[in-house]
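J.: Pasting in a structure now, in structure tokens, and then I'll have a few things to ask.
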Amino acid sequence: MRILSLLLAIALPFTACSRNEYPPIGRDARQPQMERDDFLDELVAEMTLPELVMQLHLMFGDNIVGPNSDNALYDHATQFAPGAALGVIHDWYPSEASYYNDLQALALQKSRLSVPFMQMGECLHGVGSYRQSMFPQAIGLGASWDTDLVYAVGRAIGSEARAIGIHACLAPVLDLGKDPRWGRVQEAWGEDFVLTSHMGVAFASGLSKNSSWADPDAVVPVMKHFAAHGSPHGGINAGSFMGHGTRQVLMEMLTPFKAVYELGGARGVMMAYSELDEVPAHVHPLLYDALEEWGYDGFITADDTGMKMLYVRHQVSSSPADTIQQWFNAGGQLQYYDYDLGTYMNASLDLVANGTVPESTLRSHARSILNVKYDLGLFDDPYVPSSIDYRSLTVQNLPLTLDAAHRSIVLLENKNATLPIKPVEQGIKKIALVGPFYDVLNYGDYSGPWGEYPVDNSSTIRQAVLGYLSEHNADVQLVSSWGADTRTIGTYFADTNFSEAVFARQEAPNRDWGCIPLQGFRRTTSASSGKASLPCQSMGRRTSYVGVAVYANNTARLYIDDELVAQSDMSLTGTVLGNIQQLSYVYANATAIPPGGAAWTWKKGAVHKVRLEFVAWNLWQKYENVNSVNAQVELFWGMVDREDAVAKASRHLSGIVRNAVNVARDADLIILAVGANWNSDGESGDRGTLGLSANQTLLADAIFDLGIPVVMVLQGGRPFAIPEYYAKSAATINAFFPGQSGGQAISDVLFGEFNPGGRVPLSVPYDVSQLPVYYNYKYTDHAKNYTDIYSYPTYSFGYGLSYTTFNVQEFNATSTCGARTFASGETITFRVSITNTGSVAGSYVTQVYLLVLKIVNRRYEWELETGDYVFALLEHGGPTAPTAMNVTLTCLG
């Protein structure tokens, strides 16, 4: 089966601002009225070969701005092509527009041809500065099935990105989530190509402001990963494509990209790491032929290390020079961080000199970059106007973060109307809130250290539930097993002796300042300190650890009750662990105290004074993908007793699990917050199993054994194959990675302040051994069941419950040529009457499925076959959905 969606996108206009704080580009010799093509033809013809190569090189921001963010390294960074204009800059997120404007002005001054640079940035579900709005991860937005919402989110992110000088956003991801073991499946919109196309078009249209790229609040979307990247062998990131074959690639995998280019304003495309039919996507003729067929005139970029992989992984090239020539000659244009500029420049010049790469190829490739720069308006006015303030935009978009989080939540189970929680009617006096995610921020990948940024205007489940109860049911007690005030007051100093205080602000235990100093800090050093209370609730004495970790260039000391407990000294690598560690590291160090930590004994009821002294010395330059942040500090602690003999015995409850059980034992209702975060779900966070982690499984088993109604709240980037817990739960909601307002949104759903209307975007398997379980399967894939389990998922694509009920009737369809027939190129319009028959407001997702669809014939030619087509209105895409409500239309060819 294939899904056809009736989702619509509505354009939301923004007001343009004037920009005249910096001098315009000198174009006296270029005649501003000259047509785009004539102007760019003349410009490209004037460029020398080094100038062309510079346009095709991605420059790491700190290679230019330097340790003091004063652009001191500009001449050094461009030494291989003095006077050549910068092409594209990445991984630099200025904390104020003046940083960007100063660099752009300098670049234009030093450029022989006055060509502005274009800045790229991460914008997956929030701008990569991690200081601006953070929305639900794409898979959560996909669960909303709401293109109006997704457009609005794209509009917000695009405006926030342009406000700090970002012109091209590395989004949307258009991979189809065919294998949920893949760690990046959270970045997809779902498993279906039509849903992905609609969501991708809506998001990209929002980013581009309906292709109004030159407006000061619009950006160019860069769609990725081209193509078929979401179906890797075994779910392993960058693994080879394991789909049906070329017909599926043409009909499903490429469709979202074509739609987003033609309808969403995309002007960039990033190639995939994976292989198709043993040919790496970075150099695959089928993919470049498709772009040419579409008339694509944007730019093409490699993924990070994607070019090098041709040599070191795919092993289809023999040297860096051979890799570069294959990339250029296949149609590739912009290199990522694969080769340093000296290697890249010299190899490219040699390849042209010996005829391996035609000079015309480089000129054509550079022209593609310049096309986009022109359409962004950078040749007219490349500056961010002083009237635009990203902080104000972030505040304005706060309600949208909550609305998006609300609409991304899916209600999977609700036995006996357990939800919404009504304490008075249900006789609830005590609620237990337990689990590892009840009082943490959990945003998913591409959201700062450990997926917890931004901190401002955010909420955890515990905070939001406490707020609701204090306002509506003050007599209801909320208990939890342990907790900590995870926010501190940080005081920022301008010196390393902590004597020149500048300002104070609320902070979290993890903090990343990016490549640039905070506003007001242009010195080589800065420091912060703070105090926090860490209450040890309901726990006995236990020995664990505390510590402080820092990035390279930084030092930190941790004092508890005025005693030095732990410290991280200056080093080239720092002590911060990556979000996702390799399996070999986990086996060797899973129970070890992390770097920068020390043993610490917690005592029940104790309250401690904490002081963290942190210095960003900034003594040397950062390097892309190695030391790419200016300053980072993490305050961390462990609550599991390292000396608990019971905890070390297999299948016995650890002390912390026993404590959670004891707290919940006399509750009337238990909210169990479990799932995953960025330490298991993310890039290279691929999993061979889809259950809860071992310790969460022990906790869940113990909680369900109490026999008290359990509301299970899931967070994470992939579906969980835990059918036994779905069956035992009184209710279950899946919030995915809900963004900065996720805690409030979850609380609102639990207590009925918002009626969930999300639908499953990724089929939820019964067991990982069933995979793949996507809904649009071939009949032979499920013609028989296994001998031990059913072959179908627990919850199919499109499934979702509500607190209300709906009456659906009068389903019909017509085409532009008349009733009951249609022809190629015509539009089919579906109509249905939906009535809310319940007592609360709610939303309903209308899902129309085409039971059989054939477009690409056996010769791989596009062909719409004549004959009858049956369109069915279904509740979901699973095999149990009734198909009686349908309409048959005849295709005339």
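Convention: chains lettered A, B, ... in structure tokens order; per-chain residue numbering from 1; ligands numbered from 1 as shown.
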DSSP says alpha helix (DSSP H) for which residues of segment 96-277 of chain A? Put them as a ChimeraX atom specification?
T.: /A:97-110,138-144,147-162,193-208,246-248,255-264
J.: At a cut-off of 8 Å, using only C-alpha atoms, what residues contact segment 213-229 of chain A? Leave out same-chain residues fewer than 2 positions from it and give the result as number ranges by chain.
T.: A: 14, 16-17, 155, 158-163, 166-176, 204, 207-209, 211, 231-232, 238, 241, 249, 253-254, 257, 260, 265-274, 276, 281, 287, 375-378, 384
J.: Could you tell me which of A:Gln809, A:Ser824, A:Thr837, A:Asn679 comes closest to Thr866 of chain A if we count only C-alpha atoms?
T.: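 Among the listed residues, the smallest separation from Thr866 of chain A belongs to A:Ser824.
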J.: Atom CA of Leu874 of chain A and atom CA of Val410 of chain A, how far apart in Å?
T.: 17.4 Å
J.: Please provide as a list in words all residues within 7 Å of Tyr545 of chain A, with the sequence filter that same-chain residues fewer than 4 positions apart are discarded (counting only C-alpha atoms).
T.: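 Listed by chain and then number, they are Ile593, Gly597, Ala598, Ala599, Trp600, Trp637 and Gly638 of chain A.
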J.: Find the residues around segment 65-67 of chain A up to 8 Å (only C-alpha atoms counted), leave out those fewer than 2 positions away in its own chain, and share them as a PyMOL selection string.
T.: chain A and resi 61-63+69-74+103+524+618-622+630
J.: Generate the output file for the selected residues, all heavy atoms, as a tab-separated table (two decimals), in the first residue's frame.
T.:
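Written out: out-v7.tsv:
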chain	number	residue	atom	x	y	z
A	61	GLY	N	34.95	27.97	10.43
A	61	GLY	CA	34.90	29.36	10.87
A	61	GLY	C	36.10	29.81	11.67
A	61	GLY	O	36.64	30.89	11.46
A	62	ASP	N	36.57	28.96	12.60
A	62	ASP	CA	37.65	29.40	13.47
A	62	ASP	C	38.99	29.43	12.77
A	62	ASP	O	39.94	30.00	13.29
A	62	ASP	CB	37.73	28.51	14.71
A	62	ASP	CG	38.44	29.21	15.86
A	62	ASP	OD1	37.96	30.28	16.28
A	62	ASP	OD2	39.48	28.70	16.32
A	63	ASN	N	39.08	28.83	11.57
A	63	ASN	CA	40.30	28.99	10.79
A	63	ASN	C	40.54	30.44	10.42
A	63	ASN	O	41.66	30.83	10.08
A	63	ASN	CB	40.23	28.16	9.50
A	63	ASN	CG	40.38	26.67	9.76
A	63	ASN	OD1	40.68	26.25	10.87
A	63	ASN	ND2	40.14	25.87	8.74
A	69	SER	N	38.33	35.76	18.30
A	69	SER	CA	37.19	36.17	17.47
A	69	SER	C	37.37	37.57	16.88
A	69	SER	O	36.44	38.36	16.80
A	69	SER	CB	35.88	36.11	18.28
A	69	SER	OG	35.52	34.77	18.51
A	70	ASP	N	38.61	37.85	16.46
A	70	ASP	CA	38.92	39.16	15.87
A	70	ASP	C	39.38	39.02	14.42
A	70	ASP	O	39.96	39.97	13.86
A	70	ASP	CB	39.98	39.89	16.70
A	70	ASP	CG	41.28	39.09	16.83
A	70	ASP	OD1	41.35	37.97	16.25
A	70	ASP	OD2	42.20	39.57	17.49
A	71	ASN	N	39.15	37.84	13.82
A	71	ASN	CA	39.48	37.58	12.42
A	71	ASN	C	40.98	37.67	12.14
A	71	ASN	O	41.40	37.94	11.01
A	71	ASN	CB	38.73	38.55	11.49
A	71	ASN	CG	37.23	38.52	11.74
A	71	ASN	OD1	36.67	37.48	12.03
A	71	ASN	ND2	36.59	39.68	11.64
A	72	ALA	N	41.78	37.40	13.16
A	72	ALA	CA	43.23	37.55	13.04
A	72	ALA	C	43.85	36.51	12.13
A	72	ALA	O	44.97	36.71	11.65
A	72	ALA	CB	43.86	37.47	14.43
A	73	LEU	N	43.17	35.41	11.88
A	73	LEU	CA	43.75	34.34	11.07
A	73	LEU	C	43.35	34.41	9.60
A	73	LEU	O	43.61	33.47	8.85
A	73	LEU	CB	43.35	32.98	11.65
A	73	LEU	CG	43.86	32.66	13.06
A	73	LEU	CD1	43.37	31.30	13.51
A	73	LEU	CD2	45.39	32.73	13.11
A	74	TYR	N	42.71	35.48	9.19
A	74	TYR	CA	42.20	35.55	7.82
A	74	TYR	C	43.30	35.34	6.79
A	74	TYR	O	43.17	34.51	5.88
A	74	TYR	CB	41.50	36.89	7.59
A	74	TYR	CG	40.78	36.96	6.26
A	74	TYR	CD1	39.41	36.75	6.20
A	74	TYR	CD2	41.46	37.21	5.07
A	74	TYR	CE1	38.73	36.78	4.98
A	74	TYR	CE2	40.79	37.25	3.86
A	74	TYR	CZ	39.44	37.03	3.82
A	74	TYR	OH	38.78	37.06	2.62
A	103	LEU	N	33.26	40.26	9.81
A	103	LEU	CA	33.99	39.31	8.97
A	103	LEU	C	33.58	39.45	7.51
A	103	LEU	O	34.43	39.40	6.61
A	103	LEU	CB	33.75	37.88	9.45
A	103	LEU	CG	34.44	36.79	8.60
A	103	LEU	CD1	35.95	37.03	8.54
A	103	LEU	CD2	34.13	35.41	9.16
A	524	THR	N	40.96	36.97	25.82
A	524	THR	CA	41.38	35.59	25.59
A	524	THR	C	40.96	34.67	26.73
A	524	THR	O	41.07	33.46	26.60
A	524	THR	CB	42.91	35.51	25.42
A	524	THR	OG1	43.54	36.05	26.57
A	524	THR	CG2	43.33	36.27	24.18
A	618	ASN	N	41.72	29.69	26.00
A	618	ASN	CA	41.73	30.01	24.57
A	618	ASN	C	43.14	30.29	24.06
A	618	ASN	O	43.39	31.29	23.41
A	618	ASN	CB	40.83	31.21	24.31
A	618	ASN	CG	40.01	31.02	23.05
A	618	ASN	OD1	40.06	29.98	22.41
A	618	ASN	ND2	39.25	32.04	22.68
A	619	LEU	N	44.05	29.36	24.34
A	619	LEU	CA	45.45	29.59	23.99
A	619	LEU	C	45.79	29.19	22.56
A	619	LEU	O	46.83	29.59	22.05
A	619	LEU	CB	46.34	28.81	24.97
A	619	LEU	CG	46.22	29.23	26.44
A	619	LEU	CD1	47.14	28.38	27.29
A	619	LEU	CD2	46.54	30.70	26.61
A	620	TRP	N	44.96	28.35	21.94
A	620	TRP	CA	45.27	27.94	20.58
A	620	TRP	C	44.00	27.81	19.76
A	620	TRP	O	42.90	27.75	20.27
A	620	TRP	CB	46.08	26.64	20.56
A	620	TRP	CG	45.44	25.50	21.28
A	620	TRP	CD1	44.44	24.68	20.84
A	620	TRP	CD2	45.75	25.04	22.59
A	620	TRP	NE1	44.10	23.75	21.78
A	620	TRP	CE2	44.90	23.94	22.89
A	620	TRP	CE3	46.67	25.44	23.57
A	620	TRP	CZ2	44.95	23.25	24.08
A	620	TRP	CZ3	46.71	24.74	24.76
A	620	TRP	CH2	45.87	23.68	25.01
A	621	GLN	N	44.21	27.74	18.47
A	621	GLN	CA	43.09	27.69	17.54
A	621	GLN	C	42.33	26.38	17.66
A	621	GLN	O	42.87	25.34	17.99
A	621	GLN	CB	43.63	27.84	16.11
A	621	GLN	CG	42.56	27.78	15.04
A	621	GLN	CD	43.13	27.56	13.66
A	621	GLN	OE1	44.34	27.63	13.48
A	621	GLN	NE2	42.29	27.29	12.69
A	622	LYS	N	41.04	26.45	17.37
A	622	LYS	CA	40.22	25.24	17.30
A	622	LYS	C	40.37	24.60	15.92
A	622	LYS	O	40.80	25.24	14.98
A	622	LYS	CB	38.74	25.57	17.55
A	622	LYS	CG	38.37	25.71	19.02
A	622	LYS	CD	38.91	26.96	19.66
A	622	LYS	CE	38.30	28.23	19.14
A	622	LYS	NZ	38.85	29.44	19.77
A	630	ASN	N	34.89	26.83	21.59
A	630	ASN	CA	35.75	27.75	22.33
A	630	ASN	C	35.84	27.36	23.79
A	630	ASN	O	36.89	27.45	24.40
A	630	ASN	CB	35.19	29.16	22.19
A	630	ASN	CG	36.00	30.18	22.98
A	630	ASN	OD1	37.15	30.44	22.65
A	630	ASN	ND2	35.42	30.72	24.03
J.: In Å, with one decimal, what is the gap from atom CA of Lys110 of chain A to atom CA of Gly83 of chain A?
T.: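 Result for atom CA of Lys110 of chain A versus atom CA of Gly83 of chain A: 5.8 Å, one decimal.
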